[in-house]
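**Q** Before anything else, here's the structure in question.
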Amino acid sequence: MTIKYIFMLVFVLIAADTSCAATSSNRGDDVRIWSAPLVARPGEKLEIMAVATSGDLSELLVTDSAGRRTRMDVVRGGGPPWSLRAALPAPARGSYLVEATRAGKVVASAVIQVGKGAGNRGSGEWDPSTQALYAAWVEHLFEAPPEESLNFPSLEPVLRDPQRNFLHDYLSRGEDSQFPAEPDCADLPYFLRAYFAWKLGLPISYRFCSRGSAGAPPRCGPPEVDQSFVRTAAPAGAFRKTSRRIMDRVTSGTGRTALRDNATDFYPVPLERSALWPGTVFADPYGHTLIIVKWLPQMKERSGLLLAVDAQPDNTIARKRFWEGNFLFAVNPNAGPGFKAYRPPVADGGKRGWITPTNAALDQRSGLPPYSLEQANLTPGDFYARMERLINPRGLDPEEAYEATLDALMEQLETRVGSVANGEEYLRAHPRTVIPMPRGPSIFETVGPWEDFATPSRDMRLLIALRVLADLPERIRRHPELYLLKGESAAAAAARIERLHARRSRERFVTYSRSDGSSWRLSLAEVYARRQGLEIAYNPNDCVERRWGAAPGTPDFATCRRRAPAEQRERMEKYRPWFREARRPPR
């Protein structure tokens, strides 16, 4: 071992806060190095992640016990927070010094002991460095090229993939194969938080909330703080029990609470890049929830993107881009929609308990994203314009904006292909079954096979999405400041996009499997022509052809062999105005 390495190792062991984190850091909470698994064993892969809240990082360096210093191959995460992820494929027994650099200077360092006992999982609290790790973990969990369609049948293949999941087998017990991971829309943010809390030894809080009424948003009870994971490496059975209890308690109402309410699990944050970290949720006014997973900054060669994931009632997980067709924002008396951050439990001073911070306590000093009522004062038009300026601060060429919106719509249609196919698969496995159809507004919020396989909420969002793309020329006329017109008038640009839409809608297609197993291809122009049929296409008791808007007498309807009961079809006609006007009825 070289003298230089001995000096560095001694310095780090003295200066590092060895009681904090999966490994230690000597530069404070703004940059921290974490390692996984908790017990580093010789010959077994060791994951490293450096996370920073103060700026981008340049590289990771590792020095082994013999004093050999090498640069690690890294996967980079955006920011804030910024991250670098790397791995030692088969480390030998001994000490490893890991350093994170920025602009040639070491900004964090840590000593990892391989084969010399367990590491440490952190402070046991949701402190800033732990929150930053959660954000980076979520980002890496759903990493993929932006042009790639990212879809999973459930959360299980995501968590069980060590290439995605930095915390996979973190406790070295094969624990990730010992529990189901099938959260739906409302459950997904809680399931991810609970999983992370289990691995890092943190408390997790949640509330039981009502669903609200026509004139009032949901209200919640007191927080239930689960301490099962605190200061212990709990077995998979403990996580299975806790996650099941949480999913039994939370509903779609938990995200729609009023923006001024203190008794909530999620609170509104400013529409600023510094506050919208991966892991932040978006709650729409009708109960759907998405989770931010990645920002891609605008560059000369490409537009910016904000990517999110959501879960569906059939437990499928998909990555989606921010646009009006996915992120519904409306001012309703019965909901507080928008971007919201988790309100974590914090230690209650010297009282040996846990509380959740009030809105007033969520300021810059808390280390959490600040509480903000900015979104309460925005019209939908102002909200979308504000977000567009965050995602593409330099503005977009109108044609580039159209193509990005078109791609997002096609992603939504492809996701619907899978949703409809899942309903078909269920009914093939349950012949002669008729899924009961709820009455009135309950078609949007219920339990059982209807929730799993009917698509009223998704179809309403699809109808909105179709309108958003078609209305882009009018948006250019109304908000020319959002576009790079380069001397062209807004009217001329809008007319050019109308012509582009007419052409491109004939060139883009979606393909679905008919009742006899044959494939049928629909152009986007045909989807537009079928909008009236899509207003009543959400019932899984109908054949797949009908669910894609085919009418009797059309060529693709010829293979239809199943219709919903007449009584259900009659009620669907009665509910049709909700979809035509894209207006969810009051509860």
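Numbering starts fresh at 1 for the residues of each chain in the structure tokens, the chains themselves are lettered A, B, ... in the order given, and ligands are numbered from 1 as they appear.
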Determine, counting only C-alpha atoms, which protein, DNA and RNA residues have an atom within 10 Å of an atom of stretch 540-556 of chain A; residues of the same chain fewer than 4 positions away are not included. Present the result as a PDB file with C-alpha atoms, in the first residue's frame.
**A**
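Printed below is part-v8.pdb as written:
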```
ATOM      1  CA  ARG A 416     -54.310   1.286 -24.959  1.00  0.00           C
ATOM      2  CA  VAL A 417     -53.615  -1.651 -27.294  1.00  0.00           C
ATOM      3  CA  SER A 419     -54.977  -2.474 -21.974  1.00  0.00           C
ATOM      4  CA  VAL A 420     -57.678  -3.726 -24.335  1.00  0.00           C
ATOM      5  CA  ALA A 421     -55.741  -6.938 -24.980  1.00  0.00           C
ATOM      6  CA  ASN A 422     -55.541  -7.591 -21.236  1.00  0.00           C
ATOM      7  CA  GLY A 423     -59.331  -7.417 -21.009  1.00  0.00           C
ATOM      8  CA  GLU A 424     -59.659  -9.819 -23.929  1.00  0.00           C
ATOM      9  CA  TYR A 426     -59.278 -12.163 -19.068  1.00  0.00           C
ATOM     10  CA  LEU A 427     -62.568 -12.898 -20.822  1.00  0.00           C
ATOM     11  CA  THR A 433     -68.460 -14.258 -17.919  1.00  0.00           C
ATOM     12  CA  VAL A 434     -70.154 -10.864 -17.979  1.00  0.00           C
ATOM     13  CA  ILE A 435     -68.266  -8.247 -15.974  1.00  0.00           C
ATOM     14  CA  PRO A 436     -70.720  -6.172 -13.895  1.00  0.00           C
ATOM     15  CA  MET A 437     -70.828  -2.506 -14.905  1.00  0.00           C
ATOM     16  CA  PRO A 449     -62.609  -6.836 -12.905  1.00  0.00           C
ATOM     17  CA  TRP A 450     -64.304  -3.619 -14.074  1.00  0.00           C
ATOM     18  CA  ASP A 452     -58.903  -3.868 -13.938  1.00  0.00           C
ATOM     19  CA  PHE A 453     -60.117  -4.124 -17.519  1.00  0.00           C
ATOM     20  CA  ALA A 454     -62.559  -1.310 -18.314  1.00  0.00           C
ATOM     21  CA  THR A 455     -60.978   1.881 -19.639  1.00  0.00           C
ATOM     22  CA  TYR A 512     -54.552  -4.391 -32.652  1.00  0.00           C
ATOM     23  CA  SER A 513     -55.587  -8.065 -32.652  1.00  0.00           C
ATOM     24  CA  ARG A 514     -59.184  -8.766 -33.628  1.00  0.00           C
ATOM     25  CA  SER A 515     -61.417 -11.374 -32.013  1.00  0.00           C
ATOM     26  CA  ASP A 516     -60.235 -14.067 -34.435  1.00  0.00           C
ATOM     27  CA  SER A 518     -55.976 -11.442 -37.030  1.00  0.00           C
ATOM     28  CA  SER A 519     -54.258  -8.054 -37.008  1.00  0.00           C
ATOM     29  CA  TRP A 520     -55.997  -4.847 -37.984  1.00  0.00           C
ATOM     30  CA  ARG A 521     -54.192  -1.611 -38.656  1.00  0.00           C
ATOM     31  CA  LEU A 522     -55.800   1.767 -37.971  1.00  0.00           C
ATOM     32  CA  GLU A 526     -59.197   6.643 -38.874  1.00  0.00           C
ATOM     33  CA  VAL A 527     -58.936   6.934 -35.098  1.00  0.00           C
ATOM     34  CA  ALA A 529     -62.941   9.484 -37.618  1.00  0.00           C
ATOM     35  CA  ARG A 530     -63.967   7.009 -34.888  1.00  0.00           C
ATOM     36  CA  ARG A 531     -64.023   9.491 -32.025  1.00  0.00           C
ATOM     37  CA  GLN A 532     -67.781   9.107 -31.634  1.00  0.00           C
ATOM     38  CA  GLY A 533     -67.370   5.330 -31.317  1.00  0.00           C
ATOM     39  CA  LEU A 534     -64.556   5.758 -28.815  1.00  0.00           C
ATOM     40  CA  GLU A 535     -66.942   7.628 -26.507  1.00  0.00           C
ATOM     41  CA  ILE A 536     -68.539   4.269 -25.656  1.00  0.00           C
ATOM     42  CA  CYS A 560     -66.859  -9.270 -33.661  1.00  0.00           C
ATOM     43  CA  ARG A 561     -68.411 -12.121 -31.663  1.00  0.00           C
ATOM     44  CA  ARG A 562     -69.353 -10.470 -28.372  1.00  0.00           C
ATOM     45  CA  ARG A 563     -71.403  -7.461 -27.320  1.00  0.00           C
ATOM     46  CA  ALA A 564     -72.052  -5.958 -23.906  1.00  0.00           C
ATOM     47  CA  PRO A 565     -75.524  -6.622 -22.515  1.00  0.00           C
ATOM     48  CA  GLN A 568     -75.113  -1.818 -20.194  1.00  0.00           C
ATOM     49  CA  ARG A 569     -75.109  -0.379 -23.721  1.00  0.00           C
TER      50      ARG A 569
END
```
**Q** What are the DSSP strand (DSSP E) residues of stretch 78-208 of chain A, as a ChimeraX atom specification?
**A** /A:82-88,94-102,105-114,151-152,204-206
**Q** Put those residues in a file: N, CA and C atoms, as a CSV table (one decimal), in the first residue's frame.
**A**
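Wrote it out as result-v4.csv, contents follow:
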```
chain,number,residue,atom,x,y,z
A,82,TRP,N,-28.2,15.3,-9.3
A,82,TRP,CA,-27.4,14.7,-10.3
A,82,TRP,C,-26.8,13.4,-9.7
A,83,SER,N,-26.5,12.4,-10.6
A,83,SER,CA,-26.0,11.2,-10.0
A,83,SER,C,-25.0,10.5,-11.0
A,84,LEU,N,-24.1,9.7,-10.5
A,84,LEU,CA,-23.3,8.8,-11.2
A,84,LEU,C,-23.4,7.4,-10.6
A,85,ARG,N,-23.7,6.4,-11.5
A,85,ARG,CA,-23.8,5.0,-11.0
A,85,ARG,C,-22.7,4.2,-11.7
A,86,ALA,N,-22.0,3.4,-10.9
A,86,ALA,CA,-21.0,2.5,-11.4
A,86,ALA,C,-21.0,1.2,-10.6
A,87,ALA,N,-20.1,0.3,-11.0
A,87,ALA,CA,-20.0,-1.0,-10.3
A,87,ALA,C,-18.6,-1.5,-10.3
A,88,LEU,N,-18.3,-2.2,-9.2
A,88,LEU,CA,-17.1,-3.1,-9.2
A,88,LEU,C,-17.6,-4.5,-9.4
A,94,GLY,N,-11.0,-6.2,1.3
A,94,GLY,CA,-10.1,-5.1,1.6
A,94,GLY,C,-10.9,-3.8,1.6
A,95,SER,N,-10.2,-2.7,1.6
A,95,SER,CA,-10.8,-1.3,1.6
A,95,SER,C,-10.7,-0.7,0.3
A,96,TYR,N,-11.7,0.0,-0.1
A,96,TYR,CA,-11.7,0.7,-1.4
A,96,TYR,C,-12.1,2.2,-1.1
A,97,LEU,N,-11.3,3.1,-1.6
A,97,LEU,CA,-11.6,4.5,-1.5
A,97,LEU,C,-12.3,4.9,-2.8
A,98,VAL,N,-13.5,5.4,-2.7
A,98,VAL,CA,-14.3,5.9,-3.9
A,98,VAL,C,-14.4,7.4,-3.8
A,99,GLU,N,-14.1,8.1,-4.9
A,99,GLU,CA,-14.1,9.6,-4.9
A,99,GLU,C,-15.0,10.0,-6.1
A,100,ALA,N,-15.8,11.1,-5.8
A,100,ALA,CA,-16.6,11.7,-6.8
A,100,ALA,C,-15.9,13.1,-7.1
A,101,THR,N,-15.8,13.4,-8.4
A,101,THR,CA,-15.1,14.7,-8.7
A,101,THR,C,-16.1,15.6,-9.5
A,102,ARG,N,-15.7,16.9,-9.4
A,102,ARG,CA,-16.4,17.9,-10.2
A,102,ARG,C,-15.4,18.9,-10.7
A,105,LYS,N,-11.9,18.4,-9.3
A,105,LYS,CA,-11.7,18.4,-7.8
A,105,LYS,C,-12.6,17.4,-7.1
A,106,VAL,N,-12.0,16.7,-6.1
A,106,VAL,CA,-12.8,15.7,-5.3
A,106,VAL,C,-13.8,16.4,-4.5
A,107,VAL,N,-15.1,16.1,-4.6
A,107,VAL,CA,-16.1,16.8,-3.8
A,107,VAL,C,-16.8,15.8,-2.9
A,108,ALA,N,-16.5,14.5,-2.9
A,108,ALA,CA,-17.0,13.5,-2.0
A,108,ALA,C,-16.1,12.3,-2.0
A,109,SER,N,-15.9,11.7,-0.9
A,109,SER,CA,-15.1,10.4,-0.9
A,109,SER,C,-15.7,9.5,0.2
A,110,ALA,N,-15.4,8.2,0.0
A,110,ALA,CA,-15.9,7.2,0.9
A,110,ALA,C,-15.1,6.0,0.9
A,111,VAL,N,-15.0,5.4,2.0
A,111,VAL,CA,-14.2,4.1,2.2
A,111,VAL,C,-15.3,3.0,2.3
A,112,ILE,N,-15.2,2.0,1.4
A,112,ILE,CA,-16.0,0.8,1.5
A,112,ILE,C,-15.2,-0.4,1.9
A,113,GLN,N,-15.7,-1.0,2.9
A,113,GLN,CA,-15.0,-2.2,3.4
A,113,GLN,C,-15.7,-3.5,2.8
A,114,VAL,N,-14.9,-4.2,2.0
A,114,VAL,CA,-15.4,-5.4,1.4
A,114,VAL,C,-14.9,-6.6,2.2
A,151,ASN,N,-42.6,-0.2,-21.2
A,151,ASN,CA,-43.8,-0.8,-20.7
A,151,ASN,C,-43.5,-2.1,-19.9
A,152,PHE,N,-44.1,-2.3,-18.8
A,152,PHE,CA,-43.9,-3.5,-18.0
A,152,PHE,C,-45.3,-4.1,-17.6
A,204,ILE,N,-42.2,5.1,7.3
A,204,ILE,CA,-43.1,5.5,6.2
A,204,ILE,C,-44.5,5.8,6.8
A,205,SER,N,-45.0,6.9,6.2
A,205,SER,CA,-46.3,7.4,6.7
A,205,SER,C,-47.4,7.4,5.6
A,206,TYR,N,-48.6,7.2,6.0
A,206,TYR,CA,-49.7,7.2,5.0
A,206,TYR,C,-51.0,7.6,5.8
```
**Q** With only C-alpha atoms as the atoms that count, which of A:Pro278, A:Gly201, A:Pro180, A:Pro162 lies nearest to A:Ala136?
**A**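 Distance minimum relative to A:Ala136 lands on A:Pro278.
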**Q** Could you give me, as a list in words, the residues within 10 Å of A:Arg260, counting only C-alpha atoms and dropping anything in the same chain fewer than 6 positions from it?
**A**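 Non-adjacent residues within range: Tyr267, Pro268, Gly336, Asn359, Tyr371, Ser372, Leu373 and Ala376 of chain A.
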**Q** When distances are computed from only C-alpha atoms, which of A:Arg69, A:Ala40, A:Glu143, A:Ser489 shows the smallest separation from A:Pro89?
**A**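 Once distances to A:Pro89 are computed over only C-alpha atoms, the minimum belongs to A:Ala40.
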**Q** Rank nothing, just name the residue among A:Pro153, A:Pro91, A:Pro222, A:Gly77 nearest to A:Thr415, using only C-alpha atoms.
**A**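 Of all the options, A:Pro153 lies closest to A:Thr415.
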**Q** If you run DSSP on this backbone, which residues of stretch 196-354 of chain A come out as helix (DSSP H, G or I), and could you give them as number ranges by chain?
**A** A: 196-200, 236-249, 252-254
**Q** With stretch 303-306 of chain A as the partner and 9 Å as the cut-off, tabulate the residues of stretch 336-433 of chain A that qualify, each row holding the nearest pair of atoms and their distance in Å to one decimal, using only C-alpha atoms, sorted by chain and rising number, as CSV.
**A**
```
residue,atom,partner,partner_atom,distance
A:Leu390,CA,A:Gly304,CA,8.8
A:Ile391,CA,A:Gly304,CA,5.3
A:Asn392,CA,A:Gly304,CA,5.3
A:Pro393,CA,A:Gly304,CA,8.6
A:Gly395,CA,A:Ser303,CA,8.8
A:Leu396,CA,A:Ser303,CA,7.2
A:Glu400,CA,A:Ser303,CA,7.7
A:Ala401,CA,A:Ser303,CA,8.3
A:Ala404,CA,A:Ser303,CA,8.3
```
**Q** Would you mind exporting N, CA, C and O atoms of the selected residues as a PDB file, in the first residue's frame?
**A**
```
ATOM      1  N   LEU A 390     -40.667  25.511 -18.810  1.00  0.00           N
ATOM      2  CA  LEU A 390     -39.683  24.770 -18.021  1.00  0.00           C
ATOM      3  C   LEU A 390     -39.005  23.693 -18.853  1.00  0.00           C
ATOM      4  O   LEU A 390     -37.796  23.465 -18.746  1.00  0.00           O
ATOM      5  N   ILE A 391     -39.775  23.001 -19.668  1.00  0.00           N
ATOM      6  CA  ILE A 391     -39.251  21.872 -20.429  1.00  0.00           C
ATOM      7  C   ILE A 391     -38.442  22.347 -21.633  1.00  0.00           C
ATOM      8  O   ILE A 391     -37.394  21.778 -21.953  1.00  0.00           O
ATOM      9  N   ASN A 392     -38.910  23.396 -22.294  1.00  0.00           N
ATOM     10  CA  ASN A 392     -38.227  23.942 -23.473  1.00  0.00           C
ATOM     11  C   ASN A 392     -38.097  25.457 -23.325  1.00  0.00           C
ATOM     12  O   ASN A 392     -38.851  26.223 -23.944  1.00  0.00           O
ATOM     13  N   PRO A 393     -37.160  25.877 -22.492  1.00  0.00           N
ATOM     14  CA  PRO A 393     -37.065  27.312 -22.199  1.00  0.00           C
ATOM     15  C   PRO A 393     -36.745  28.181 -23.408  1.00  0.00           C
ATOM     16  O   PRO A 393     -37.044  29.374 -23.404  1.00  0.00           O
ATOM     17  N   GLY A 395     -38.064  27.734 -26.338  1.00  0.00           N
ATOM     18  CA  GLY A 395     -39.164  27.640 -27.284  1.00  0.00           C
ATOM     19  C   GLY A 395     -38.959  26.503 -28.268  1.00  0.00           C
ATOM     20  O   GLY A 395     -37.874  25.916 -28.365  1.00  0.00           O
ATOM     21  N   LEU A 396     -40.014  26.161 -29.004  1.00  0.00           N
ATOM     22  CA  LEU A 396     -39.963  25.061 -29.955  1.00  0.00           C
ATOM     23  C   LEU A 396     -40.349  25.531 -31.350  1.00  0.00           C
ATOM     24  O   LEU A 396     -41.231  26.382 -31.520  1.00  0.00           O
ATOM     25  N   GLU A 400     -41.557  20.890 -34.862  1.00  0.00           N
ATOM     26  CA  GLU A 400     -40.967  20.039 -33.829  1.00  0.00           C
ATOM     27  C   GLU A 400     -41.974  19.804 -32.707  1.00  0.00           C
ATOM     28  O   GLU A 400     -42.087  18.687 -32.180  1.00  0.00           O
ATOM     29  N   ALA A 401     -42.717  20.843 -32.329  1.00  0.00           N
ATOM     30  CA  ALA A 401     -43.738  20.706 -31.293  1.00  0.00           C
ATOM     31  C   ALA A 401     -44.829  19.735 -31.741  1.00  0.00           C
ATOM     32  O   ALA A 401     -45.308  18.906 -30.956  1.00  0.00           O
ATOM     33  N   ALA A 404     -43.487  16.086 -31.585  1.00  0.00           N
ATOM     34  CA  ALA A 404     -43.383  15.603 -30.209  1.00  0.00           C
ATOM     35  C   ALA A 404     -44.760  15.249 -29.662  1.00  0.00           C
ATOM     36  O   ALA A 404     -44.937  14.224 -28.985  1.00  0.00           O
TER      37      ALA A 404
END
```
**Q** Smallest atom-to-atom distance to A:Pro157: which of A:Pro218, A:Glu272, A:Ala181, A:Cys209, using only C-alpha atoms?
**A** A:Ala181
**Q** Could you check the closest approach to A:Pro189 for each of A:Leu150, A:Leu500, A:Val250, A:Ala50 and tell me which residue wins, using only C-alpha atoms?
**A**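 For A:Pro189, the nearest of the candidates is A:Val250.
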**Q** Give me the residues within 8 Å of stretch 51-59 of chain A as a ChimeraX atom specification, counting only C-alpha atoms and dropping any in the same chain fewer than 6 places off.
**A** /A:30-34,71-72,74,78-84,100-104,129,132-133,136
**Q** Would you export the selected residues with N, CA and C atoms as a JSON list (two decimals), in the first residue's frame, please?
**A**
```
[["chain", "number", "residue", "atom", "x", "y", "z"],
["A", 30, "ASP", "N", -24.53, 17.67, 0.50],
["A", 30, "ASP", "CA", -24.78, 18.10, -0.87],
["A", 30, "ASP", "C", -24.24, 17.10, -1.89],
["A", 31, "VAL", "N", -23.23, 16.33, -1.54],
["A", 31, "VAL", "CA", -22.74, 15.23, -2.38],
["A", 31, "VAL", "C", -22.50, 14.04, -1.46],
["A", 32, "ARG", "N", -23.04, 12.90, -1.82],
["A", 32, "ARG", "CA", -22.86, 11.71, -0.97],
["A", 32, "ARG", "C", -22.70, 10.48, -1.84],
["A", 33, "ILE", "N", -21.86, 9.58, -1.38],
["A", 33, "ILE", "CA", -21.60, 8.33, -2.09],
["A", 33, "ILE", "C", -22.28, 7.20, -1.33],
["A", 34, "TRP", "N", -23.05, 6.40, -2.05],
["A", 34, "TRP", "CA", -23.77, 5.27, -1.48],
["A", 34, "TRP", "C", -23.27, 3.98, -2.14],
["A", 71, "ARG", "N", -10.40, 5.08, -13.07],
["A", 71, "ARG", "CA", -11.67, 5.76, -13.35],
["A", 71, "ARG", "C", -12.72, 4.71, -13.63],
["A", 72, "MET", "N", -13.92, 4.88, -13.06],
["A", 72, "MET", "CA", -15.00, 3.91, -13.22],
["A", 72, "MET", "C", -15.89, 4.31, -14.39],
["A", 74, "VAL", "N", -19.38, 4.96, -15.82],
["A", 74, "VAL", "CA", -20.55, 5.42, -15.09],
["A", 74, "VAL", "C", -21.77, 5.53, -15.99],
["A", 78, "GLY", "N", -29.58, 12.82, -14.66],
["A", 78, "GLY", "CA", -29.73, 14.27, -14.79],
["A", 78, "GLY", "C", -29.87, 14.94, -13.44],
["A", 79, "GLY", "N", -30.23, 16.21, -13.46],
["A", 79, "GLY", "CA", -30.33, 16.87, -12.18],
["A", 79, "GLY", "C", -31.10, 18.17, -12.24],
["A", 80, "PRO", "N", -31.44, 18.67, -11.01],
["A", 80, "PRO", "CA", -31.14, 18.07, -9.72],
["A", 80, "PRO", "C", -32.13, 16.96, -9.35],
["A", 81, "PRO", "N", -31.67, 15.98, -8.51],
["A", 81, "PRO", "CA", -30.28, 15.77, -8.15],
["A", 81, "PRO", "C", -29.52, 15.07, -9.27],
["A", 82, "TRP", "N", -28.23, 15.29, -9.28],
["A", 82, "TRP", "CA", -27.35, 14.68, -10.28],
["A", 82, "TRP", "C", -26.79, 13.38, -9.69],
["A", 83, "SER", "N", -26.48, 12.42, -10.55],
["A", 83, "SER", "CA", -25.96, 11.16, -10.03],
["A", 83, "SER", "C", -25.02, 10.49, -11.02],
["A", 84, "LEU", "N", -24.12, 9.68, -10.47],
["A", 84, "LEU", "CA", -23.26, 8.80, -11.25],
["A", 84, "LEU", "C", -23.38, 7.41, -10.64],
["A", 100, "ALA", "N", -15.78, 11.05, -5.79],
["A", 100, "ALA", "CA", -16.57, 11.72, -6.82],
["A", 100, "ALA", "C", -15.93, 13.07, -7.09],
["A", 101, "THR", "N", -15.78, 13.42, -8.35],
["A", 101, "THR", "CA", -15.12, 14.67, -8.71],
["A", 101, "THR", "C", -16.07, 15.58, -9.48],
["A", 102, "ARG", "N", -15.74, 16.86, -9.42],
["A", 102, "ARG", "CA", -16.43, 17.88, -10.21],
["A", 102, "ARG", "C", -15.38, 18.86, -10.70],
["A", 103, "ALA", "N", -15.28, 19.00, -12.02],
["A", 103, "ALA", "CA", -14.31, 19.92, -12.62],
["A", 103, "ALA", "C", -12.89, 19.68, -12.10],
["A", 104, "GLY", "N", -12.54, 18.39, -11.97],
["A", 104, "GLY", "CA", -11.19, 18.03, -11.57],
["A", 104, "GLY", "C", -10.92, 18.02, -10.08],
["A", 129, "SER", "N", -29.98, 14.09, 1.99],
["A", 129, "SER", "CA", -29.21, 13.15, 1.17],
["A", 129, "SER", "C", -30.01, 11.89, 0.88],
["A", 132, "ALA", "N", -32.45, 12.76, -1.83],
["A", 132, "ALA", "CA", -31.75, 12.84, -3.11],
["A", 132, "ALA", "C", -31.48, 11.44, -3.66],
["A", 133, "LEU", "N", -31.10, 10.50, -2.79],
["A", 133, "LEU", "CA", -30.89, 9.13, -3.24],
["A", 133, "LEU", "C", -32.19, 8.54, -3.77],
["A", 136, "ALA", "N", -32.71, 9.85, -7.27],
["A", 136, "ALA", "CA", -31.78, 9.22, -8.22],
["A", 136, "ALA", "C", -32.14, 7.75, -8.44]]
```
**Q** Quick one: residues within 12 Å of A:Phe579, only C-alpha atoms, excluding same-chain residues fewer than 2 positions away - as a ChimeraX atom specification?
**A** /A:441,444,455-464,531-538,572-577,581-585
**Q** Could the residues in this selection be saved with C-alpha atoms as a tab-separated table (two decimals), in the first residue's frame?
**A**
```
chain	number	residue	atom	x	y	z
A	441	PRO	CA	-69.77	8.04	-11.79
A	444	PHE	CA	-64.49	5.62	-13.07
A	455	THR	CA	-60.98	1.88	-19.64
A	456	PRO	CA	-63.31	4.85	-19.02
A	457	SER	CA	-60.68	7.09	-17.43
A	458	ARG	CA	-58.05	6.13	-19.97
A	459	ASP	CA	-60.45	6.64	-22.86
A	460	MET	CA	-61.44	10.06	-21.60
A	461	ARG	CA	-57.76	11.01	-21.47
A	462	LEU	CA	-57.33	9.62	-24.99
A	463	LEU	CA	-60.21	11.72	-26.31
A	464	ILE	CA	-58.63	14.76	-24.67
A	531	ARG	CA	-64.02	9.49	-32.03
A	532	GLN	CA	-67.78	9.11	-31.63
A	533	GLY	CA	-67.37	5.33	-31.32
A	534	LEU	CA	-64.56	5.76	-28.82
A	535	GLU	CA	-66.94	7.63	-26.51
A	536	ILE	CA	-68.54	4.27	-25.66
A	537	ALA	CA	-65.59	1.91	-26.22
A	538	TYR	CA	-64.50	1.33	-22.63
A	572	MET	CA	-73.27	3.85	-21.86
A	573	GLU	CA	-75.34	5.94	-24.27
A	574	LYS	CA	-76.66	7.85	-21.28
A	575	TYR	CA	-73.11	8.51	-20.08
A	576	ARG	CA	-71.82	9.42	-23.55
A	577	PRO	CA	-71.92	13.23	-22.91
A	581	GLU	CA	-67.40	16.90	-23.39
A	582	ALA	CA	-64.37	15.33	-21.59
A	583	ARG	CA	-66.01	16.15	-18.28
A	584	ARG	CA	-65.92	13.77	-15.35
A	585	PRO	CA	-69.25	13.82	-13.51
```
